[in-house]
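*Asks:* Take a look at query-v3.cif, mmCIF, C-alpha atoms and all ligand atoms:
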```cif
data_entry
#
loop_
_atom_site.label_atom_id
_atom_site.label_comp_id
_atom_site.auth_asym_id
_atom_site.auth_seq_id
_atom_site.Cartn_x
_atom_site.Cartn_y
_atom_site.Cartn_z
CA MET C 1 113.30 117.15 89.49
CA LEU C 2 112.85 120.85 88.82
CA TYR C 3 109.56 122.47 87.80
CA THR C 4 108.50 125.52 85.87
CA THR C 5 105.18 127.26 85.39
CA LEU C 6 104.47 127.74 81.69
CA PRO C 7 104.11 131.53 81.26
CA GLY C 8 100.52 132.71 80.92
CA THR C 9 99.12 129.54 82.58
CA ASP C 10 98.87 127.75 85.89
CA LEU C 11 100.47 124.65 84.36
CA HIS C 12 103.31 123.74 86.72
CA VAL C 13 105.34 121.19 84.75
CA SER C 14 108.42 119.08 85.38
CA SER C 15 111.58 120.19 83.55
CA LEU C 16 111.30 117.14 81.25
CA CYS C 17 108.16 116.00 79.46
CA LEU C 18 107.60 112.31 78.67
CA GLY C 19 106.95 111.58 74.98
CA THR C 20 104.73 108.58 74.38
CA ALA C 21 104.42 108.24 70.58
CA ASP C 22 105.27 104.51 70.70
CA PHE C 23 103.36 103.61 73.88
CA GLY C 24 101.08 100.64 73.32
CA SER C 25 102.63 99.85 69.92
CA THR C 26 106.38 99.21 69.62
CA ILE C 27 106.61 99.82 73.40
CA ASP C 28 104.18 97.24 74.78
CA GLU C 29 101.51 98.28 77.25
CA SER C 30 103.07 96.79 80.37
CA THR C 31 106.44 98.48 79.67
CA ALA C 32 104.59 101.73 78.88
CA PHE C 33 102.73 101.55 82.23
CA ARG C 34 106.00 100.93 84.08
CA MET C 35 107.62 103.88 82.31
CA LEU C 36 104.71 106.15 83.21
CA ASP C 37 104.84 105.04 86.87
CA SER C 38 108.60 105.42 86.99
CA PHE C 39 108.42 108.91 85.42
CA LEU C 40 105.94 109.99 88.11
CA ASP C 41 107.99 108.36 90.87
CA SER C 42 110.95 110.49 89.72
CA GLY C 43 108.87 113.65 90.01
CA GLY C 44 107.87 113.92 86.35
CA ASN C 45 104.33 115.13 85.71
CA PHE C 46 104.21 116.35 82.09
CA ILE C 47 103.07 113.82 79.46
CA ASP C 48 102.92 114.32 75.68
CA THR C 49 100.79 112.24 73.32
CA ALA C 50 98.75 112.81 70.12
CA LYS C 51 95.62 111.45 68.47
CA ILE C 52 97.71 110.34 65.45
CA TYR C 53 100.16 108.18 67.53
CA ALA C 54 100.90 105.45 66.20
CA ASP C 55 98.49 105.36 63.27
CA TRP C 56 101.42 104.74 60.87
CA LEU C 57 101.33 101.10 62.05
CA PRO C 58 98.58 98.62 61.18
CA GLY C 59 96.12 97.85 63.97
CA GLU C 60 94.15 99.94 66.42
CA ARG C 61 94.02 103.76 65.87
CA SER C 62 95.20 106.30 68.50
CA ILE C 63 96.89 103.53 70.45
CA SER C 64 99.11 105.91 72.47
CA GLU C 65 96.17 107.99 73.75
CA LYS C 66 94.18 104.83 74.51
CA THR C 67 97.12 103.28 76.37
CA ILE C 68 97.49 106.41 78.50
CA GLY C 69 93.72 106.38 79.06
CA ARG C 70 93.91 102.79 80.37
CA TRP C 71 96.87 103.69 82.61
CA LEU C 72 94.98 106.71 84.00
CA ARG C 73 91.94 104.57 84.81
CA GLN C 74 94.02 101.80 86.37
CA SER C 75 96.41 104.02 88.35
CA SER C 76 94.02 106.83 89.42
CA LYS C 77 96.89 109.27 88.84
CA ARG C 78 95.04 111.78 86.62
CA HIS C 79 95.30 114.48 89.32
CA ARG C 80 99.09 114.14 89.38
CA ILE C 81 99.79 114.84 85.72
CA ILE C 82 99.74 117.71 83.24
CA LEU C 83 98.30 115.96 80.20
CA ALA C 84 99.09 117.24 76.72
CA THR C 85 97.79 115.84 73.45
CA LYS C 86 97.59 117.00 69.85
CA GLY C 87 95.02 117.05 67.10
CA ALA C 88 94.37 118.57 63.66
CA HIS C 89 97.07 116.42 62.04
CA PRO C 90 96.61 115.72 58.32
CA HIS C 91 95.45 112.24 57.37
CA LEU C 92 98.64 110.21 56.85
CA GLU C 93 97.78 109.40 53.24
CA THR C 94 97.27 113.12 52.41
CA MET C 95 99.96 114.83 54.46
CA LEU C 96 99.84 118.03 52.41
CA THR C 97 96.11 118.55 53.00
CA PRO C 98 95.73 120.44 56.30
CA ARG C 99 92.87 119.68 58.70
CA LEU C 100 92.30 122.86 60.72
CA SER C 101 88.64 123.67 60.08
CA ARG C 102 86.51 124.30 63.18
CA ALA C 103 84.77 120.94 62.69
CA GLU C 104 88.06 119.03 62.29
CA ILE C 105 89.70 120.59 65.35
CA LEU C 106 86.66 120.07 67.58
CA SER C 107 85.98 116.51 66.45
CA ASP C 108 89.65 115.54 66.95
CA LEU C 109 89.52 117.10 70.42
CA ASP C 110 86.37 115.18 71.37
CA ALA C 111 87.98 111.94 70.14
CA SER C 112 91.09 112.59 72.26
CA LEU C 113 88.96 113.26 75.36
CA ARG C 114 87.23 109.90 74.77
CA HIS C 115 90.48 107.98 74.17
CA LEU C 116 92.10 109.44 77.28
CA GLY C 117 88.93 109.08 79.34
CA VAL C 118 89.33 112.56 80.83
CA GLU C 119 87.04 115.57 81.12
CA VAL C 120 89.70 118.15 80.34
CA ILE C 121 93.04 118.21 78.52
CA ASP C 122 95.59 120.47 80.22
CA LEU C 123 97.48 121.50 77.09
CA TYR C 124 96.05 120.95 73.62
CA TRP C 125 98.41 121.19 70.65
CA LEU C 126 97.59 121.84 67.02
CA HIS C 127 99.87 119.21 65.47
CA ARG C 128 100.31 121.14 62.20
CA ASP C 129 99.34 124.49 60.62
CA ASP C 130 97.26 125.50 57.62
CA PRO C 131 98.98 128.68 56.43
CA ASN C 132 96.00 129.48 54.18
CA ARG C 133 93.52 129.62 57.04
CA PRO C 134 93.23 132.91 58.98
CA VAL C 135 94.73 132.62 62.45
CA ALA C 136 91.72 134.45 63.93
CA GLU C 137 89.41 131.59 62.90
CA ILE C 138 91.72 128.96 64.42
CA LEU C 139 92.05 130.92 67.66
CA GLU C 140 88.26 131.39 67.91
CA THR C 141 87.81 127.61 67.69
CA LEU C 142 90.39 126.96 70.43
CA ASN C 143 88.94 129.73 72.62
CA GLU C 144 85.55 128.04 72.26
CA ALA C 145 87.10 124.78 73.52
CA VAL C 146 88.59 126.64 76.51
CA ARG C 147 85.19 128.22 77.30
CA GLN C 148 83.56 124.80 77.10
CA GLY C 149 86.06 123.54 79.69
CA LYS C 150 87.50 120.88 77.36
CA ILE C 151 91.05 122.29 77.40
CA ARG C 152 92.89 124.47 79.89
CA ALA C 153 95.45 125.95 77.47
CA PHE C 154 96.67 125.39 73.93
CA GLY C 155 99.77 125.70 71.77
CA CYS C 156 101.02 125.19 68.26
CA SER C 157 103.33 122.50 66.93
CA ASN C 158 105.21 122.77 63.63
CA TRP C 159 104.14 126.37 62.96
CA ARG C 160 106.48 128.82 61.24
CA VAL C 161 107.56 131.96 63.07
CA GLU C 162 105.54 134.38 60.93
CA ARG C 163 102.34 132.45 61.65
CA ILE C 164 103.09 132.25 65.38
CA ARG C 165 103.72 135.99 65.43
CA ALA C 166 100.44 136.62 63.56
CA ALA C 167 98.57 134.36 65.99
CA LEU C 168 99.94 136.10 69.08
CA GLU C 169 99.24 139.57 67.64
CA THR C 170 95.71 138.55 66.64
CA ALA C 171 95.00 137.13 70.09
CA LEU C 172 96.13 140.38 71.67
CA ALA C 173 94.09 142.55 69.28
CA HIS C 174 90.91 140.45 69.66
CA ARG C 175 91.32 139.74 73.39
CA LEU C 176 91.52 136.01 72.73
CA VAL C 177 93.44 133.40 74.72
CA PRO C 178 96.79 133.01 72.86
CA PHE C 179 99.11 130.07 72.18
CA ILE C 180 101.06 129.55 75.39
CA ALA C 181 103.79 127.32 73.94
CA ASP C 182 105.37 126.10 70.72
CA GLN C 183 106.43 122.49 70.03
CA MET C 184 109.14 122.20 67.37
CA PHE C 185 111.96 119.90 66.27
CA TRP C 186 115.04 121.04 68.21
CA ASN C 187 118.17 119.46 69.62
CA LEU C 188 121.92 120.00 69.81
CA ALA C 189 122.44 118.75 66.25
CA LEU C 190 122.24 120.97 63.20
CA VAL C 191 119.71 119.52 60.77
CA ASP C 192 118.76 120.71 57.30
CA PRO C 193 114.92 120.54 57.36
CA ARG C 194 114.99 119.28 53.76
CA THR C 195 116.53 116.03 55.02
CA MET C 196 113.77 115.35 57.57
CA GLY C 197 111.55 113.43 55.18
CA ASP C 198 108.40 115.41 56.08
CA SER C 199 108.00 118.96 54.78
CA THR C 200 105.23 119.66 57.31
CA LEU C 201 107.67 119.49 60.27
CA VAL C 202 109.18 122.74 61.53
CA ALA C 203 112.66 122.86 63.06
CA MET C 204 113.99 125.55 65.36
CA ASP C 205 115.92 128.11 63.31
CA GLU C 206 117.47 131.49 64.09
CA PRO C 207 114.34 133.64 63.40
CA LEU C 208 112.18 131.32 65.54
CA ARG C 209 114.79 131.26 68.29
CA ARG C 210 115.02 135.08 68.25
CA TYR C 211 111.23 135.22 68.53
CA HIS C 212 111.19 132.94 71.58
CA ASN C 213 113.97 135.03 73.08
CA GLU C 214 112.10 138.30 72.52
CA THR C 215 108.68 137.11 73.69
CA GLY C 216 109.55 134.47 76.30
CA LEU C 217 107.12 132.06 74.61
CA ALA C 218 107.76 128.57 76.02
CA ALA C 219 109.46 126.02 73.73
CA ILE C 220 108.65 122.31 74.18
CA PRO C 221 111.08 120.67 71.73
CA TYR C 222 110.63 117.18 70.34
CA SER C 223 113.41 114.87 69.08
CA SER C 224 115.32 116.57 71.89
CA GLN C 225 117.94 113.80 71.95
CA ALA C 226 118.51 113.91 68.19
CA ASN C 227 116.91 110.48 67.93
CA GLY C 228 119.82 109.01 69.87
CA PHE C 229 122.50 110.32 67.46
CA PHE C 230 124.85 111.60 70.20
CA ASN C 231 124.40 108.52 72.40
CA LYS C 232 125.16 106.26 69.45
CA MET C 233 128.24 108.32 68.56
CA ALA C 234 129.43 108.09 72.17
CA ARG C 235 129.07 104.31 72.11
CA GLY C 236 130.66 103.94 68.69
CA GLN C 237 127.34 102.53 67.43
CA VAL C 238 126.72 104.97 64.64
CA ASP C 239 125.88 102.06 62.33
CA ALA C 240 122.70 101.61 64.38
CA LEU C 241 121.28 104.86 62.95
CA ASN C 242 118.48 104.18 60.49
CA PRO C 243 118.77 105.59 56.94
CA LEU C 244 116.60 108.65 57.67
CA HIS C 245 118.62 109.58 60.77
CA ARG C 246 121.89 109.01 58.92
CA GLN C 247 120.68 111.44 56.30
CA MET C 248 119.61 114.00 58.92
CA TYR C 249 122.51 113.86 61.35
CA LEU C 250 125.59 112.34 59.80
CA HIS C 251 127.54 115.30 58.45
CA ALA C 252 130.63 117.24 59.40
CA GLU C 253 129.00 119.91 61.59
CA ASN C 254 127.28 117.29 63.77
CA LEU C 255 130.45 115.22 64.06
CA ALA C 256 132.14 118.42 65.26
CA ARG C 257 129.28 119.06 67.69
CA PHE C 258 129.64 115.54 69.02
CA GLN C 259 133.37 116.08 69.54
CA ARG C 260 132.69 119.28 71.48
CA ALA C 261 129.96 117.59 73.55
CA ASP C 262 132.32 114.69 74.25
CA GLN C 263 135.02 117.17 75.32
CA LEU C 264 132.55 118.86 77.70
CA CYS C 265 131.70 115.44 79.21
CA ARG C 266 135.40 114.86 79.90
CA GLU C 267 135.82 118.32 81.46
CA THR C 268 132.71 118.22 83.66
CA GLY C 269 132.02 114.54 84.31
CA LEU C 270 128.56 114.93 82.79
CA SER C 271 127.19 112.11 80.62
CA ILE C 272 126.47 112.64 76.93
CA THR C 273 122.71 112.51 77.69
CA GLN C 274 123.15 115.22 80.33
CA VAL C 275 125.05 117.47 77.92
CA VAL C 276 122.55 116.94 75.08
CA LEU C 277 119.47 117.62 77.24
CA GLY C 278 121.32 120.22 79.33
CA TYR C 279 121.83 122.18 76.13
CA LEU C 280 118.05 122.64 75.78
CA LEU C 281 117.40 122.99 79.52
CA SER C 282 119.76 125.99 79.69
CA GLN C 283 118.21 128.24 77.06
CA PRO C 284 117.31 131.84 77.99
CA PHE C 285 113.55 131.26 77.47
CA PRO C 286 111.39 128.55 79.12
CA THR C 287 112.27 125.25 77.41
CA VAL C 288 110.90 121.86 78.42
CA PRO C 289 112.40 119.06 76.29
CA ILE C 290 110.22 116.08 75.43
CA ILE C 291 112.20 112.90 76.06
CA GLY C 292 111.56 109.80 73.94
CA PRO C 293 112.94 106.80 75.86
CA ARG C 294 112.32 103.33 74.40
CA THR C 295 113.27 101.42 77.56
CA LEU C 296 113.19 101.91 81.34
CA GLU C 297 116.99 102.21 81.28
CA GLN C 298 116.85 105.03 78.74
CA LEU C 299 114.14 106.72 80.81
CA ALA C 300 116.32 106.66 83.94
CA ASP C 301 119.30 107.92 81.96
CA SER C 302 117.33 110.79 80.41
CA LEU C 303 115.83 111.75 83.78
CA SER C 304 119.38 112.10 85.16
CA ALA C 305 119.56 115.31 83.09
CA ALA C 306 116.50 116.95 84.69
CA GLU C 307 118.48 119.31 86.92
CA ILE C 308 121.48 119.91 84.65
CA ARG C 309 122.14 123.49 83.61
CA LEU C 310 125.01 124.54 81.32
CA THR C 311 126.53 128.01 81.26
CA PRO C 312 125.97 130.39 78.31
CA GLU C 313 129.66 129.96 77.53
CA GLN C 314 129.28 126.15 77.39
CA ILE C 315 126.24 126.52 75.10
CA ARG C 316 128.21 128.81 72.77
CA THR C 317 131.12 126.39 72.70
CA LEU C 318 128.85 123.44 71.85
CA GLU C 319 127.36 125.41 68.97
CA GLN C 320 130.37 127.04 67.49
CA GLY C 321 133.51 126.26 69.43
CA ALA C 322 136.60 124.96 67.70
CA SER C 323 136.70 121.20 67.16
CA ARG C 324 139.61 119.06 68.13
CA GLU C 325 141.90 118.03 65.34
CA LEU C 326 140.22 114.72 64.65
CA PRO C 327 139.34 113.25 61.29
CA LEU C 328 135.65 113.91 60.64
CA GLU C 329 135.13 110.86 58.44
CA LEU C 330 133.80 107.74 60.13
N1 LIG X 1 105.03 117.50 67.52
C1 LIG X 1 105.58 116.65 66.68
O1 LIG X 1 105.40 116.77 65.45
C2 LIG X 1 106.44 115.53 67.21
C3 LIG X 1 107.27 114.81 66.33
C4 LIG X 1 108.07 113.79 66.84
C5 LIG X 1 108.02 113.48 68.21
N2 LIG X 1 107.19 114.18 69.05
C6 LIG X 1 107.13 113.85 70.51
O2 LIG X 1 108.45 113.75 71.02
C7 LIG X 1 108.70 112.46 71.59
C8 LIG X 1 110.13 112.01 71.37
O3 LIG X 1 110.50 112.20 70.04
P1 LIG X 1 111.56 111.35 69.21
O4 LIG X 1 111.41 109.92 69.52
O5 LIG X 1 111.47 111.84 67.81
O6 LIG X 1 112.95 111.92 69.74
P2 LIG X 1 114.18 111.55 70.65
O7 LIG X 1 113.76 111.49 72.06
O8 LIG X 1 115.23 112.49 70.24
O9 LIG X 1 114.64 110.09 70.14
C9 LIG X 1 114.22 108.89 70.71
C10 LIG X 1 115.32 107.86 70.50
O10 LIG X 1 116.53 108.32 71.08
C11 LIG X 1 117.19 107.26 71.71
N3 LIG X 1 117.26 107.56 73.13
C12 LIG X 1 116.34 108.19 73.91
N4 LIG X 1 116.77 108.29 75.18
C13 LIG X 1 117.99 107.70 75.20
C14 LIG X 1 118.95 107.50 76.22
N5 LIG X 1 118.74 107.93 77.46
N6 LIG X 1 120.09 106.84 75.90
C15 LIG X 1 120.32 106.42 74.64
N7 LIG X 1 119.46 106.60 73.62
C16 LIG X 1 118.30 107.23 73.91
C17 LIG X 1 116.41 105.99 71.43
O11 LIG X 1 116.95 105.44 70.23
P3 LIG X 1 117.02 103.85 70.01
O12 LIG X 1 115.58 103.43 69.89
O13 LIG X 1 117.76 103.71 68.72
O14 LIG X 1 117.72 103.27 71.18
C18 LIG X 1 115.01 106.54 71.19
O15 LIG X 1 114.23 105.69 70.38
C19 LIG X 1 107.63 111.56 70.94
O16 LIG X 1 107.32 110.44 71.74
C20 LIG X 1 106.47 112.52 70.84
O17 LIG X 1 105.80 112.61 72.08
C21 LIG X 1 106.42 115.21 68.56
#
```
Show how you would write the structure in this file as structure tokens.
*Replies:*
Amino acid sequence: MLYTTLPGTDLHVSSLCLGTADFGSTIDESTAFRMLDSFLDSGGNFIDTAKIYADWLPGERSISEKTIGRWLRQSSKRHRIILATKGAHPHLETMLTPRLSRAEILSDLDASLRHLGVEVIDLYWLHRDDPNRPVAEILETLNEAVRQGKIRAFGCSNWRVERIRAALETALAHRLVPFIADQMFWNLALVDPRTMGDSTLVAMDEPLRRYHNETGLAAIPYSSQANGFFNKMARGQVDALNPLHRQMYLHAENLARFQRADQLCRETGLSITQVVLGYLLSQPFPTVPIIGPRTLEQLADSLSAAEIRLTPEQIRTLEQGASRELPLEL
């Protein structure tokens, strides 16, 4: 395992972060506990959850945070992990109504602390933005939470580049603690955000990438394995993609990207998972992909990429190299 210190913090995190959106729901608690233990045994220490996970299913609310809370109590491993969670997500039935008032942010944060059973959250994410709310007000609220000792650092998820820029400039001008990282949708595939089925998600694009490059702001991408698109292509199991993922990934440019990734696997002996995660791990600014394994086998496979680094030339080829003369239809 390799580690990196997120710039502007003392958060020393493993090169891969474990995503836990389905822990305690579609991934049952005992499997989730084994995955958490196995991640730590492999040197992983960075864990991502959210207050909203997995409230889209019937049953108990905030089941992922509560599952992690139970594991922390049972395992006594709190001191070994960098714990990240998210709040200020819209209610699921009113996704276009933002929830970033001071009261909403602070009450979500208190609920997360209770669910997790911890005194402090290492990295607190705003799960969405409210472009109509001044960034200064949002930053003041988060700075208050830092002063109160409830969070050690904070970042934004699904914010557009102009709002991130405004937030960092405002923090500098007002001597406030700034966002120290950005969590966005990003992977080797090329995805039209209009196909993602949720207009409040923000995908990495060229202006955002340029901004990360210029500022060195850390990127913590989610859906880093393109929801299994490349693995399914490699296994000839593209039929296993659900309708949303077919709509997002199944087009000519991504078939070409798969061909180039597959070619790189043949040339280097790397696995498709290593090439897909290696693509993110080799960016010129700090990038810590969130992995989303469903099984212990997938976890082990994804962790095999932790120390893979591709060359800038290999990255360029994956993005825009010529494709082999293969039919692009499936
Ligand atoms: N900030 C946000 O708004 C946001 C949004 C989404 C997710 N997240 C975070 O990111 C995490 C992961 O996101 P995600 O599930 O969307 O993305 P992902 O990791 O790209 O996709 C997960 C899927 O990829 C497949 N997969 C994963 N590892 C594999 C492996 N080693 N071999 C073969 N297939 C593999 C599995 O598909 P099958 O199940 O088909 O096998 C798995 O269900 C979440 O748990 C959450 O923590 C954050």
*Asks:* Using all atoms listed in the file, determine which residues fall within 7 Å of ligand LIG 1 (chain X), then list them as a PyMOL selection string.
*Replies:* chain C and resi 18-22+48-49+127+157-158+183-185+201+222-228+231+240-241+273+290-294+298-299+301-302
*Asks:* What lies within 7 Å of range 250-265 of chain C using all atoms listed in the file, ignoring chain neighbours under 4 positions off, as number ranges by chain?
*Replies:* C: 189-190, 230, 246, 269-272, 275, 318-319, 323, 328
*Asks:* For a quick check of understanding, using all atoms listed in the file, which of C:Lys51, C:Glu140, C:Leu100, C:Met204 has the smallest distance to Arg114 in chain C?
*Replies:*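 Smallest separation from Arg114 in chain C among the options: C:Lys51.
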*Asks:* Select from range 201-312 of chain C every residue with an atom at most 10 Å from any atom of range 159-172 of chain C, then for each give the shortest pair of atoms and their distance in Å to one decimal, using all atoms listed in the file, rows by chain and rising number, as a Markdown table.
*Replies:*
```
| residue | atom | partner | partner_atom | distance |
| --- | --- | --- | --- | --- |
| C:Leu201 | CA | C:Trp159 | CA | 8.2 |
| C:Val202 | CA | C:Trp159 | CA | 6.4 |
| C:Ala203 | CA | C:Arg160 | CA | 8.8 |
| C:Met204 | CA | C:Arg160 | CA | 9.2 |
| C:Asp205 | CA | C:Val161 | CA | 9.2 |
| C:Glu206 | CA | C:Val161 | CA | 10.0 |
| C:Pro207 | CA | C:Val161 | CA | 7.0 |
| C:Leu208 | CA | C:Val161 | CA | 5.3 |
| C:Arg209 | CA | C:Val161 | CA | 8.9 |
| C:Arg210 | CA | C:Val161 | CA | 9.6 |
| C:Tyr211 | CA | C:Val161 | CA | 7.3 |
| C:His212 | CA | C:Val161 | CA | 9.3 |
| C:Thr215 | CA | C:Arg165 | CA | 9.7 |
| C:Leu217 | CA | C:Leu168 | CA | 9.9 |
```
*Asks:* Which residue, C:Trp186, C:Met95, C:Asn242, C:Ser107, has the smallest gap to Ser199 in chain C when you use all atoms listed in the file?
*Replies:*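 Smallest distance to Ser199 in chain C is found for C:Met95.
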*Asks:* Looking at only C-alpha atoms, which of C:Ala173, C:Ala32, C:Leu123, C:Ala103 is the one that sits closest to Thr141 in chain C?
*Replies:*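 Of C:Ala173, C:Ala32, C:Leu123, C:Ala103, the one nearest Thr141 in chain C, counting only C-alpha atoms, is C:Ala103.
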*Asks:* Between CA of Asp37 in chain C and CA of Ala50 in chain C, measure the distance and give it in Å to one decimal.
*Replies:* 19.4 Å
*Asks:* Using Å and a single decimal, report how far CA of Ile105 in chain C sits from CA of Leu142 in chain C.
*Replies:*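 Going from CA of Leu142 in chain C over to CA of Ile105 in chain C, I get 8.2 Å.
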*Asks:* Residues within 12 Å of Leu96 in chain C, please, as a ChimeraX atom specification. Count only C-alpha atoms; anything in the same chain fewer than 2 positions from it doesn't count.
*Replies:* /C:89-94,98-99,128-131,198-201
*Asks:* So which one's closest to Pro243 in chain C, C:Val177, C:Thr195, C:Arg70, C:Arg147? Using all atoms listed in the file, please.
*Replies:* C:Thr195
*Asks:* Work out how far apart CA of Arg80 in chain C and CA of Val146 in chain C are and give it in Å to one decimal.
*Replies:*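 A separation of 20.8 Å between them.
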*Asks:* Rank nothing, just name the residue among C:Thr4, C:Ser62, C:Ser30, C:Gln74 nearest to Gly87 in chain C, using only C-alpha atoms.
*Replies:*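 Selected residue with least distance to Gly87 in chain C: C:Ser62.
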*Asks:* Find, counting only C-alpha atoms, the residue in C:Arg235, C:Arg61, C:Lys86, C:Arg73 that gets nearest to Ile151 in chain C.
*Replies:*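 The answer is C:Lys86, which sits nearest to Ile151 in chain C.
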*Asks:* Hey, what's within 6 Å of Ile220 in chain C if we count all atoms listed in the file and toss same-chain stuff fewer than 5 positions away? As a PyMOL selection string, please?
*Replies:* chain C and resi 183+287-289
